[in-house]
file protein_0.txt (compact mmCIF, C-alpha atoms and all ligand atoms)
# COMPACT_ATOMS: atom_id res chain seq x y z
CA MET A 2 135.55 -61.55 -138.28
CA LYS A 3 132.64 -63.62 -139.56
CA ASN A 4 131.47 -64.21 -143.14
CA LEU A 5 127.76 -63.40 -143.19
CA LEU A 6 125.22 -63.61 -146.00
CA ILE A 7 122.08 -61.46 -146.01
CA ILE A 8 119.39 -62.22 -148.58
CA GLY A 9 117.57 -58.89 -148.88
CA SER A 10 120.39 -56.56 -147.84
CA GLU A 11 119.25 -53.40 -149.64
CA SER A 12 116.05 -52.48 -147.85
CA GLY A 13 114.41 -52.33 -144.45
CA ILE A 14 115.61 -54.65 -141.71
CA GLY A 15 118.21 -56.42 -143.87
CA LYS A 16 119.82 -53.15 -144.90
CA ARG A 17 120.07 -51.93 -141.32
CA LEU A 18 121.48 -55.31 -140.29
CA ALA A 19 124.15 -55.09 -143.00
CA GLU A 20 125.18 -51.69 -141.64
CA MET A 21 125.38 -53.00 -138.08
CA LEU A 22 127.37 -56.12 -138.98
CA SER A 23 129.79 -54.23 -141.24
CA ALA A 24 130.38 -51.70 -138.46
CA GLN A 25 131.27 -54.62 -136.18
CA GLY A 26 134.00 -55.58 -138.66
CA HIS A 27 132.35 -58.58 -140.28
CA GLN A 28 132.50 -59.43 -143.97
CA VAL A 29 128.90 -59.08 -145.18
CA PHE A 30 127.65 -60.45 -148.49
CA GLY A 31 124.31 -59.16 -149.74
CA VAL A 32 121.74 -60.30 -152.27
CA SER A 33 118.70 -58.60 -153.78
CA ARG A 34 116.86 -58.77 -157.08
CA ASN A 35 117.42 -55.11 -157.90
CA PRO A 36 120.82 -53.46 -158.22
CA ARG A 37 122.39 -52.16 -155.07
CA ALA A 38 120.69 -48.89 -154.17
CA GLU A 39 122.75 -45.71 -154.41
CA ASP A 40 122.37 -45.26 -150.68
CA GLY A 41 122.71 -49.04 -150.53
CA SER A 42 123.78 -51.11 -147.58
CA ALA A 43 127.27 -51.47 -146.26
CA VAL A 44 127.84 -54.95 -147.71
CA SER A 45 131.35 -55.91 -148.78
CA MET A 46 129.96 -57.55 -151.90
CA HIS A 47 126.51 -57.42 -153.49
CA PHE A 48 124.97 -59.98 -155.84
CA GLU A 49 121.94 -59.27 -157.98
CA ALA A 50 119.87 -62.46 -157.84
CA ASP A 51 116.34 -63.72 -157.28
CA ALA A 52 116.64 -66.06 -154.32
CA VAL A 53 113.16 -67.48 -154.90
CA ASN A 54 113.03 -68.04 -158.65
CA GLY A 55 116.55 -67.50 -159.98
CA ASP A 56 119.80 -69.41 -159.98
CA LEU A 57 121.95 -69.28 -156.88
CA ASP A 58 125.30 -69.12 -158.69
CA PHE A 59 126.51 -66.36 -156.37
CA PHE A 60 127.27 -69.09 -153.82
CA GLN A 61 130.34 -69.94 -155.92
CA SER A 62 131.75 -66.49 -155.07
CA LEU A 63 131.24 -66.87 -151.31
CA PRO A 64 133.97 -68.05 -148.93
CA ALA A 65 134.18 -71.75 -148.05
CA GLU A 66 133.10 -70.91 -144.50
CA LEU A 67 129.84 -69.06 -143.82
CA HIS A 68 129.19 -68.11 -140.19
CA GLY A 69 125.73 -66.72 -140.71
CA LEU A 70 122.78 -66.51 -143.09
CA VAL A 71 119.76 -64.22 -142.83
CA TYR A 72 116.77 -64.60 -145.13
CA CYS A 73 114.77 -61.33 -145.26
CA PRO A 74 112.38 -61.57 -148.25
CA GLY A 75 108.79 -61.55 -147.09
CA SER A 76 105.31 -60.33 -147.92
CA ILE A 77 102.38 -58.49 -146.37
CA ASN A 78 99.49 -59.57 -148.54
CA LEU A 79 96.42 -58.64 -146.48
CA ARG A 80 93.08 -59.70 -147.99
CA PRO A 81 89.68 -60.90 -146.79
CA PHE A 82 89.89 -64.69 -146.69
CA THR A 83 87.38 -65.36 -149.47
CA ARG A 84 89.31 -63.09 -151.84
CA LEU A 85 92.53 -65.05 -151.57
CA SER A 86 93.42 -66.81 -154.81
CA GLU A 87 95.54 -69.92 -155.26
CA GLN A 88 98.16 -67.60 -156.75
CA ASP A 89 98.14 -65.35 -153.65
CA ILE A 90 98.70 -68.31 -151.36
CA PHE A 91 101.41 -69.88 -153.53
CA ASN A 92 103.19 -66.54 -154.06
CA ASP A 93 103.35 -65.93 -150.32
CA PHE A 94 104.56 -69.48 -149.72
CA ARG A 95 107.25 -69.23 -152.38
CA GLN A 96 108.52 -65.87 -151.13
CA ASN A 97 108.52 -66.72 -147.43
CA VAL A 98 109.17 -70.45 -147.29
CA TRP A 99 110.45 -71.91 -150.54
CA GLY A 100 113.02 -69.15 -151.05
CA ALA A 101 114.37 -69.75 -147.55
CA VAL A 102 114.46 -73.52 -148.08
CA ARG A 103 116.45 -73.38 -151.30
CA VAL A 104 118.96 -70.82 -149.97
CA ILE A 105 119.49 -72.80 -146.75
CA GLN A 106 119.92 -76.06 -148.69
CA LYS A 107 122.58 -74.42 -150.80
CA ALA A 108 124.32 -72.87 -147.77
CA ILE A 109 124.46 -75.97 -145.55
CA PRO A 110 127.97 -77.14 -146.64
CA GLN A 111 129.47 -73.68 -146.04
CA LEU A 112 127.61 -73.26 -142.72
CA LYS A 113 128.87 -76.68 -141.57
CA GLN A 114 132.37 -75.80 -142.64
CA ALA A 115 132.36 -72.81 -140.26
CA GLY A 116 132.02 -75.13 -137.23
CA SER A 117 129.59 -72.74 -135.55
CA ALA A 118 127.00 -70.79 -137.53
CA GLY A 119 123.65 -69.06 -137.16
CA VAL A 120 120.67 -68.79 -139.46
CA VAL A 121 117.99 -66.14 -138.89
CA LEU A 122 114.57 -66.29 -140.54
CA PHE A 123 111.60 -63.91 -140.29
CA SER A 124 108.11 -64.74 -139.11
CA THR A 125 105.45 -62.22 -138.05
CA VAL A 126 103.52 -61.42 -134.87
CA ALA A 127 100.42 -62.49 -136.81
CA VAL A 128 101.31 -66.18 -136.42
CA GLY A 129 101.09 -66.24 -132.61
CA THR A 130 98.25 -63.70 -132.46
CA GLY A 131 95.33 -64.04 -134.85
CA MET A 132 94.69 -60.90 -136.92
CA PRO A 133 91.98 -60.38 -139.55
CA PHE A 134 93.04 -60.53 -143.22
CA HIS A 135 96.38 -62.13 -142.37
CA ALA A 136 95.45 -65.71 -143.39
CA SER A 137 97.87 -66.04 -146.29
CA VAL A 138 100.93 -64.42 -144.75
CA ALA A 139 100.27 -66.06 -141.36
CA ALA A 140 100.01 -69.50 -142.99
CA SER A 141 103.35 -68.99 -144.75
CA LYS A 142 105.11 -67.52 -141.75
CA GLY A 143 103.70 -70.33 -139.58
CA ALA A 144 105.53 -72.67 -141.95
CA VAL A 145 108.69 -70.59 -141.43
CA GLU A 146 108.37 -71.15 -137.68
CA GLY A 147 108.02 -74.91 -138.19
CA LEU A 148 111.00 -74.86 -140.54
CA THR A 149 113.05 -72.98 -137.95
CA ARG A 150 112.44 -75.53 -135.19
CA SER A 151 112.85 -78.56 -137.47
CA LEU A 152 116.17 -77.38 -138.85
CA ALA A 153 117.36 -76.33 -135.39
CA ALA A 154 116.86 -79.95 -134.28
CA GLU A 155 118.34 -81.47 -137.42
CA TYR A 156 121.50 -79.36 -137.44
CA ALA A 157 122.24 -78.78 -133.75
CA SER A 158 124.93 -81.46 -133.81
CA SER A 159 126.49 -79.78 -136.86
CA GLY A 160 126.85 -76.51 -134.95
CA ILE A 161 124.24 -74.64 -137.00
CA ARG A 162 121.65 -72.68 -135.01
CA PHE A 163 118.28 -71.66 -136.45
CA ASN A 164 116.11 -68.90 -134.96
CA ALA A 165 113.26 -66.73 -136.22
CA ILE A 166 112.28 -63.15 -135.42
CA ALA A 167 108.58 -62.29 -135.35
CA PRO A 168 108.19 -58.52 -135.81
CA SER A 169 105.04 -56.48 -135.61
CA LEU A 170 104.47 -53.53 -137.94
CA THR A 171 107.89 -52.07 -138.73
CA ASP A 172 108.59 -48.90 -140.71
CA THR A 173 110.19 -50.33 -143.87
CA PRO A 174 109.37 -50.19 -147.59
CA LEU A 175 107.50 -53.50 -147.22
CA ALA A 176 105.01 -51.91 -144.82
CA ALA A 177 104.75 -48.59 -146.69
CA SER A 178 101.11 -49.03 -147.74
CA LEU A 179 100.09 -49.60 -144.11
CA LEU A 180 101.88 -46.46 -142.93
CA ASN A 181 101.35 -43.96 -145.73
CA THR A 182 99.19 -41.44 -143.86
CA PRO A 183 99.67 -39.74 -140.47
CA GLN A 184 96.38 -41.30 -139.32
CA LYS A 185 97.52 -44.83 -140.16
CA ARG A 186 100.83 -44.28 -138.38
CA GLU A 187 99.12 -42.88 -135.28
CA SER A 188 96.58 -45.65 -134.97
CA ALA A 189 99.23 -48.33 -135.61
CA ALA A 190 101.41 -46.81 -132.87
CA ALA A 191 98.46 -46.65 -130.47
CA ARG A 192 97.65 -50.37 -130.99
CA HIS A 193 101.04 -51.34 -129.56
CA PRO A 194 101.41 -51.43 -125.76
CA LEU A 195 104.77 -49.65 -126.04
CA GLY A 196 103.09 -46.86 -128.01
CA ARG A 197 105.04 -46.90 -131.25
CA ILE A 198 105.58 -48.88 -134.41
CA GLY A 199 108.83 -50.75 -135.03
CA LYS A 200 112.04 -49.30 -136.44
CA HIS A 201 114.19 -51.35 -138.80
CA SER A 202 116.91 -51.32 -136.13
CA ASP A 203 114.64 -53.04 -133.55
CA ALA A 204 114.61 -56.33 -135.45
CA ALA A 205 118.08 -55.85 -136.97
CA ALA A 206 119.66 -55.56 -133.50
CA LEU A 207 118.15 -58.89 -132.45
CA ALA A 208 119.32 -60.54 -135.68
CA ALA A 209 122.84 -59.24 -135.05
CA PHE A 210 122.75 -60.68 -131.52
CA LEU A 211 121.50 -64.06 -132.75
CA LEU A 212 124.44 -64.22 -135.17
CA SER A 213 126.98 -63.21 -132.53
CA ASP A 214 129.03 -65.41 -130.21
CA GLU A 215 126.90 -64.07 -127.34
CA GLY A 216 123.86 -65.70 -128.96
CA SER A 217 125.56 -69.04 -129.49
CA TRP A 218 123.43 -70.99 -126.97
CA ILE A 219 120.13 -69.99 -128.56
CA THR A 220 118.50 -72.19 -131.16
CA GLY A 221 115.01 -73.24 -132.21
CA GLN A 222 113.45 -70.00 -130.91
CA VAL A 223 110.87 -67.64 -132.38
CA ILE A 224 111.37 -64.28 -130.71
CA GLY A 225 108.88 -61.40 -130.89
CA VAL A 226 110.05 -57.85 -131.63
CA ASP A 227 106.60 -56.36 -131.48
CA GLY A 228 106.16 -53.53 -128.95
CA GLY A 229 104.28 -55.99 -126.74
CA ILE A 230 101.33 -56.49 -129.08
CA GLY A 231 101.90 -60.24 -129.37
CA SER A 232 101.59 -60.98 -125.67
CA LEU A 233 100.18 -58.04 -123.69
CA ARG A 234 96.89 -56.28 -123.18
CA SER A 235 97.29 -52.60 -122.52
N1 LIG A 301 108.06 -54.56 -142.11
C1 LIG A 301 107.12 -55.15 -141.34
O1 LIG A 301 106.15 -54.51 -140.86
C2 LIG A 301 107.23 -56.61 -141.03
C3 LIG A 301 106.30 -57.16 -140.12
C4 LIG A 301 106.36 -58.53 -139.85
C5 LIG A 301 107.32 -59.33 -140.47
N2 LIG A 301 108.21 -58.76 -141.34
C6 LIG A 301 109.20 -59.63 -142.02
O2 LIG A 301 110.51 -59.12 -141.85
C7 LIG A 301 111.29 -59.45 -143.02
C8 LIG A 301 112.02 -58.21 -143.52
O3 LIG A 301 111.04 -57.26 -143.86
P1 LIG A 301 111.36 -55.78 -144.39
O4 LIG A 301 110.20 -54.97 -143.99
O5 LIG A 301 112.74 -55.36 -144.01
O6 LIG A 301 111.29 -56.04 -145.99
P2 LIG A 301 111.73 -55.13 -147.23
O7 LIG A 301 111.94 -53.72 -146.84
O8 LIG A 301 110.76 -55.46 -148.32
O9 LIG A 301 113.16 -55.76 -147.65
C9 LIG A 301 113.22 -57.03 -148.24
C10 LIG A 301 114.55 -57.23 -148.93
O10 LIG A 301 114.51 -58.51 -149.58
C11 LIG A 301 114.85 -58.40 -150.95
N3 LIG A 301 114.13 -59.41 -151.69
C12 LIG A 301 112.79 -59.57 -151.80
N4 LIG A 301 112.49 -60.63 -152.57
C13 LIG A 301 113.69 -61.15 -152.94
C14 LIG A 301 114.06 -62.26 -153.75
N5 LIG A 301 113.13 -63.05 -154.33
N6 LIG A 301 115.37 -62.54 -153.94
C15 LIG A 301 116.32 -61.75 -153.37
N7 LIG A 301 116.04 -60.69 -152.59
C16 LIG A 301 114.73 -60.40 -152.39
C17 LIG A 301 114.42 -56.96 -151.31
O11 LIG A 301 115.12 -56.43 -152.41
P3 LIG A 301 114.58 -56.58 -153.94
O12 LIG A 301 113.14 -56.18 -153.94
O13 LIG A 301 115.49 -55.68 -154.72
O14 LIG A 301 114.78 -58.01 -154.29
C18 LIG A 301 114.85 -56.22 -150.04
O15 LIG A 301 116.24 -55.94 -150.09
C19 LIG A 301 110.30 -60.04 -144.04
O16 LIG A 301 110.43 -61.44 -144.07
C20 LIG A 301 108.95 -59.64 -143.52
O17 LIG A 301 107.94 -60.56 -143.87
C21 LIG A 301 108.19 -57.41 -141.63

call {"tool": "encode", "arguments": {"input": "protein_0.txt", "output": "structure tokens"}}
result
Amino acid sequence: MKNLLIIGSESGIGKRLAEMLSAQGHQVFGVSRNPRAEDGSAVSMHFEADAVNGDLDFFQSLPAELHGLVYCPGSINLRPFTRLSEQDIFNDFRQNVWGAVRVIQKAIPQLKQAGSAGVVLFSTVAVGTGMPFHASVAASKGAVEGLTRSLAAEYASSGIRFNAIAPSLTDTPLAASLLNTPQKRESAAARHPLGRIGKHSDAAALAAFLLSDEGSWITGQVIGVDGGIGSLRS
């Protein structure tokens, strides 16, 4: 049994991941800003905290050994480039990068203590493949990819692995405004070579693998879960 911390355990990919990991018998700790949803995730313990702007006191309640950390908060702030404000750019950076940095910094002693541990971060397909109106989120997620590889190098000798998942459009509350009509859903599905949009379980299953013993020789990777859109022409 592993002790695993999911920041963003009550929605979308993080929620599905919490269900998968709990079903595998792991002890899963979850964090989100809002209270645990009534149909909330299967976490053993939930902490209400803002990982980006709040205190991280919940770490005091976690076990001394942490075998895994997943940082799920993200943003999809799509705007024409000239309409992006300083605030837009900084908000995206704080949510995607700074939040991950401060949580990882706090977790390092407990991850080291475990002897072997995995950290999973989230990028987006829009870093490796240019897409209009994605400048702000792609810039932030590009930083997440750099962070992933840098930390993978820095902590390999401490037994801590860092990997990132780069999803394409996935049916979660975060993407709701992009999928709120049948027409939008159909055209989004048709854009993907595999003919559908992502399910929360697509990315969650990869995260679970990256945290598992079977994934223990993988570090410094950014892996697409994107229906082929990041690398294929159909
Ligand atoms: N869905 C997509 O189409 C898509 C595509 C590409 C990349 N991604 C990336 O995949 C990751 C997961 O996305 P998702 O769609 O599953 O997102 P989601 O449905 O919005 O879930 C995000 C989770 O993070 C929590 N959260 C957000 N800000 C937080 C904060 N400051 N402190 C603590 N918890 C916070 C949310 O709960 P609270 O709001 O209660 O805090 C929620 O539980 C994100 O990084 C996203 O950028 C998603």

call {"tool": "residues_near_point", "arguments": {"input": "protein_0.txt", "point": "(122.0, -57.4, -135.7)", "cutoff": "9 Å", "atoms": "all atoms listed in the file", "output": "list in words"}}
result
Arg17, Leu18, Ala19, Glu20, Met21, Leu22, Ser202, Asp203, Ala204, Ala205, Ala206, Leu207, Ala208, Ala209, Phe210, Leu211, Leu212 and Ser213 of chain A

call {"tool": "write_last_selection", "arguments": {"input": "protein_0.txt", "atoms": "C-alpha atoms", "output": "compact mmCIF listing (two decimals), in the coordinates of the input"}}
result
# COMPACT_ATOMS: atom_id res chain seq x y z
CA ARG A 17 120.07 -51.93 -141.32
CA LEU A 18 121.48 -55.31 -140.29
CA ALA A 19 124.15 -55.09 -143.00
CA GLU A 20 125.18 -51.69 -141.64
CA MET A 21 125.38 -53.00 -138.08
CA LEU A 22 127.37 -56.12 -138.98
CA SER A 202 116.91 -51.32 -136.13
CA ASP A 203 114.64 -53.04 -133.55
CA ALA A 204 114.61 -56.33 -135.45
CA ALA A 205 118.08 -55.85 -136.97
CA ALA A 206 119.66 -55.56 -133.50
CA LEU A 207 118.15 -58.89 -132.45
CA ALA A 208 119.32 -60.54 -135.68
CA ALA A 209 122.84 -59.24 -135.05
CA PHE A 210 122.75 -60.68 -131.52
CA LEU A 211 121.50 -64.06 -132.75
CA LEU A 212 124.44 -64.22 -135.17
CA SER A 213 126.98 -63.21 -132.53

call {"tool": "residues_near_ligand", "arguments": {"input": "protein_0.txt", "ligand": "ligand LIG 301 (chain A)", "cutoff": "6 Å", "atoms": "all atoms listed in the file", "output": "PyMOL selection string"}}
result
chain A and resi 8-15+32-35+50-53+73-76+123-125+168-176

call {"tool": "residues_near_point", "arguments": {"input": "protein_0.txt", "point": "(91.9, -63.4, -141.1)", "cutoff": "9 Å", "atoms": "only C-alpha atoms", "output": "PyMOL selection string"}}
result
chain A and resi 79-82+131-137+139

call {"tool": "closest_residue", "arguments": {"input": "protein_0.txt", "among": "A:Ala191, A:Ala157, A:Val29, A:Ile77", "to": "Ser141 of chain A", "atoms": "all atoms listed in the file"}}
result
A:Ile77

call {"tool": "atom_distance", "arguments": {"input": "protein_0.txt", "atom1": "atom CA of Gly160 of chain A", "atom2": "atom CA of Lys142 of chain A"}}
result
24.5 Å

call {"tool": "atom_distance", "arguments": {"input": "protein_0.txt", "atom1": "atom CA of Ala140 of chain A", "atom2": "atom CA of Ala189 of chain A"}}
result
22.4 Å

call {"tool": "closest_residue", "arguments": {"input": "protein_0.txt", "among": "A:Ile198, A:Val126, A:Val138, A:Ala144", "to": "Ile166 of chain A", "atoms": "only C-alpha atoms"}}
result
A:Val126

call {"tool": "atom_distance", "arguments": {"input": "protein_0.txt", "atom1": "atom CA of Leu57 of chain A", "atom2": "atom CA of Val98 of chain A"}}
result
16.0 Å

call {"tool": "closest_residue", "arguments": {"input": "protein_0.txt", "among": "A:Ala118, A:Leu180, A:Leu67, A:Leu5", "to": "Asp214 of chain A", "atoms": "only C-alpha atoms"}}
result
A:Ala118

call {"tool": "residues_around", "arguments": {"input": "protein_0.txt", "residues": "Ser232 of chain A", "least_positions_apart": "5", "cutoff": "9 Å", "atoms": "only C-alpha atoms", "output": "mmCIF file with C-alpha atoms, keeping the file's coordinate frame"}}
result
data_model
loop_
_atom_site.group_PDB
_atom_site.id
_atom_site.type_symbol
_atom_site.label_atom_id
_atom_site.label_comp_id
_atom_site.auth_asym_id
_atom_site.auth_seq_id
_atom_site.Cartn_x
_atom_site.Cartn_y
_atom_site.Cartn_z
ATOM 1 C CA GLY A 129 101.090 -66.240 -132.610
ATOM 2 C CA THR A 130 98.250 -63.700 -132.460
ATOM 3 C CA GLY A 225 108.880 -61.400 -130.890
ATOM 4 C CA ASP A 227 106.600 -56.360 -131.480
#

call {"tool": "closest_residue", "arguments": {"input": "protein_0.txt", "among": "A:Val145, A:Ala127, A:Leu112, A:Val121", "to": "Trp99 of chain A", "atoms": "all atoms listed in the file"}}
result
A:Val145

call {"tool": "closest_residue", "arguments": {"input": "protein_0.txt", "among": "A:Asn54, A:Arg103, A:Leu85, A:Gln184", "to": "Tyr72 of chain A", "atoms": "all atoms listed in the file"}}
result
A:Arg103

call {"tool": "decode", "arguments": {"input": "protein_0.txt", "residues": "segment 189-215 of chain A", "atoms": "N, CA, C and O atoms", "output": "compact mmCIF listing (two decimals), in the first residue's frame"}}
result
# COMPACT_ATOMS: atom_id res chain seq x y z
N ALA A 189 -15.29 18.54 -31.93
CA ALA A 189 -14.08 18.22 -31.16
C ALA A 189 -13.70 16.76 -31.37
O ALA A 189 -12.53 16.43 -31.57
N ALA A 190 -14.69 15.88 -31.35
CA ALA A 190 -14.40 14.45 -31.56
C ALA A 190 -13.80 14.23 -32.95
O ALA A 190 -12.82 13.50 -33.11
N ALA A 191 -14.37 14.91 -33.94
CA ALA A 191 -13.94 14.70 -35.33
C ALA A 191 -12.51 15.21 -35.56
O ALA A 191 -11.82 14.72 -36.46
N ARG A 192 -12.06 16.20 -34.78
CA ARG A 192 -10.69 16.72 -34.94
C ARG A 192 -9.64 15.70 -34.51
O ARG A 192 -8.48 15.78 -34.90
N HIS A 193 -10.02 14.75 -33.68
CA HIS A 193 -9.05 13.78 -33.15
C HIS A 193 -8.97 12.54 -34.06
O HIS A 193 -10.00 11.97 -34.40
N PRO A 194 -7.75 12.14 -34.43
CA PRO A 194 -7.63 10.96 -35.30
C PRO A 194 -8.39 9.74 -34.77
O PRO A 194 -8.93 8.97 -35.56
N LEU A 195 -8.45 9.57 -33.46
CA LEU A 195 -9.16 8.40 -32.93
C LEU A 195 -10.67 8.64 -32.80
O LEU A 195 -11.40 7.78 -32.28
N GLY A 196 -11.13 9.81 -33.24
CA GLY A 196 -12.57 10.02 -33.42
C GLY A 196 -13.39 10.26 -32.16
O GLY A 196 -14.62 10.16 -32.21
N ARG A 197 -12.73 10.60 -31.07
CA ARG A 197 -13.50 10.96 -29.88
C ARG A 197 -12.70 11.91 -29.01
O ARG A 197 -11.48 12.03 -29.17
N ILE A 198 -13.40 12.55 -28.09
CA ILE A 198 -12.69 13.37 -27.09
C ILE A 198 -12.26 12.46 -25.94
O ILE A 198 -12.67 11.30 -25.86
N GLY A 199 -11.44 13.02 -25.04
CA GLY A 199 -10.92 12.20 -23.94
C GLY A 199 -11.93 12.00 -22.83
O GLY A 199 -12.82 12.82 -22.61
N LYS A 200 -11.77 10.86 -22.12
CA LYS A 200 -12.54 10.60 -20.90
C LYS A 200 -11.59 10.85 -19.72
O LYS A 200 -10.37 10.67 -19.87
N HIS A 201 -12.15 11.19 -18.56
CA HIS A 201 -11.27 11.42 -17.41
C HIS A 201 -10.40 10.19 -17.11
O HIS A 201 -9.26 10.31 -16.70
N SER A 202 -10.94 9.00 -17.41
CA SER A 202 -10.19 7.78 -17.10
C SER A 202 -8.99 7.58 -18.03
O SER A 202 -8.05 6.85 -17.69
N ASP A 203 -9.00 8.20 -19.22
CA ASP A 203 -7.86 8.03 -20.14
C ASP A 203 -6.57 8.55 -19.49
O ASP A 203 -5.55 7.85 -19.44
N ALA A 204 -6.62 9.79 -18.99
CA ALA A 204 -5.42 10.35 -18.37
C ALA A 204 -5.20 9.77 -16.98
O ALA A 204 -4.04 9.56 -16.56
N ALA A 205 -6.30 9.48 -16.25
CA ALA A 205 -6.15 8.95 -14.89
C ALA A 205 -5.44 7.59 -14.91
O ALA A 205 -4.61 7.30 -14.04
N ALA A 206 -5.75 6.77 -15.91
CA ALA A 206 -5.12 5.44 -15.99
C ALA A 206 -3.61 5.56 -16.19
O ALA A 206 -2.83 4.79 -15.61
N LEU A 207 -3.19 6.53 -17.00
CA LEU A 207 -1.75 6.72 -17.19
C LEU A 207 -1.10 7.23 -15.91
O LEU A 207 -0.01 6.78 -15.52
N ALA A 208 -1.78 8.15 -15.22
CA ALA A 208 -1.23 8.66 -13.95
C ALA A 208 -1.06 7.51 -12.96
O ALA A 208 -0.02 7.41 -12.28
N ALA A 209 -2.06 6.64 -12.89
CA ALA A 209 -1.97 5.50 -11.96
C ALA A 209 -0.78 4.61 -12.32
O ALA A 209 -0.04 4.15 -11.44
N PHE A 210 -0.57 4.41 -13.62
CA PHE A 210 0.58 3.58 -14.04
C PHE A 210 1.90 4.25 -13.66
O PHE A 210 2.83 3.60 -13.17
N LEU A 211 1.99 5.56 -13.88
CA LEU A 211 3.24 6.27 -13.58
C LEU A 211 3.56 6.25 -12.09
O LEU A 211 4.72 6.38 -11.70
N LEU A 212 2.54 6.09 -11.25
CA LEU A 212 2.76 6.03 -9.81
C LEU A 212 3.07 4.61 -9.34
O LEU A 212 3.52 4.40 -8.21
N SER A 213 2.81 3.63 -10.20
CA SER A 213 2.91 2.23 -9.78
C SER A 213 4.35 1.72 -9.86
O SER A 213 5.21 2.34 -10.48
N ASP A 214 4.58 0.56 -9.27
CA ASP A 214 5.91 -0.06 -9.35
C ASP A 214 6.26 -0.39 -10.80
O ASP A 214 7.42 -0.34 -11.20
N GLU A 215 5.25 -0.70 -11.61
CA GLU A 215 5.49 -1.02 -13.03
C GLU A 215 6.03 0.19 -13.78
O GLU A 215 6.67 0.05 -14.82
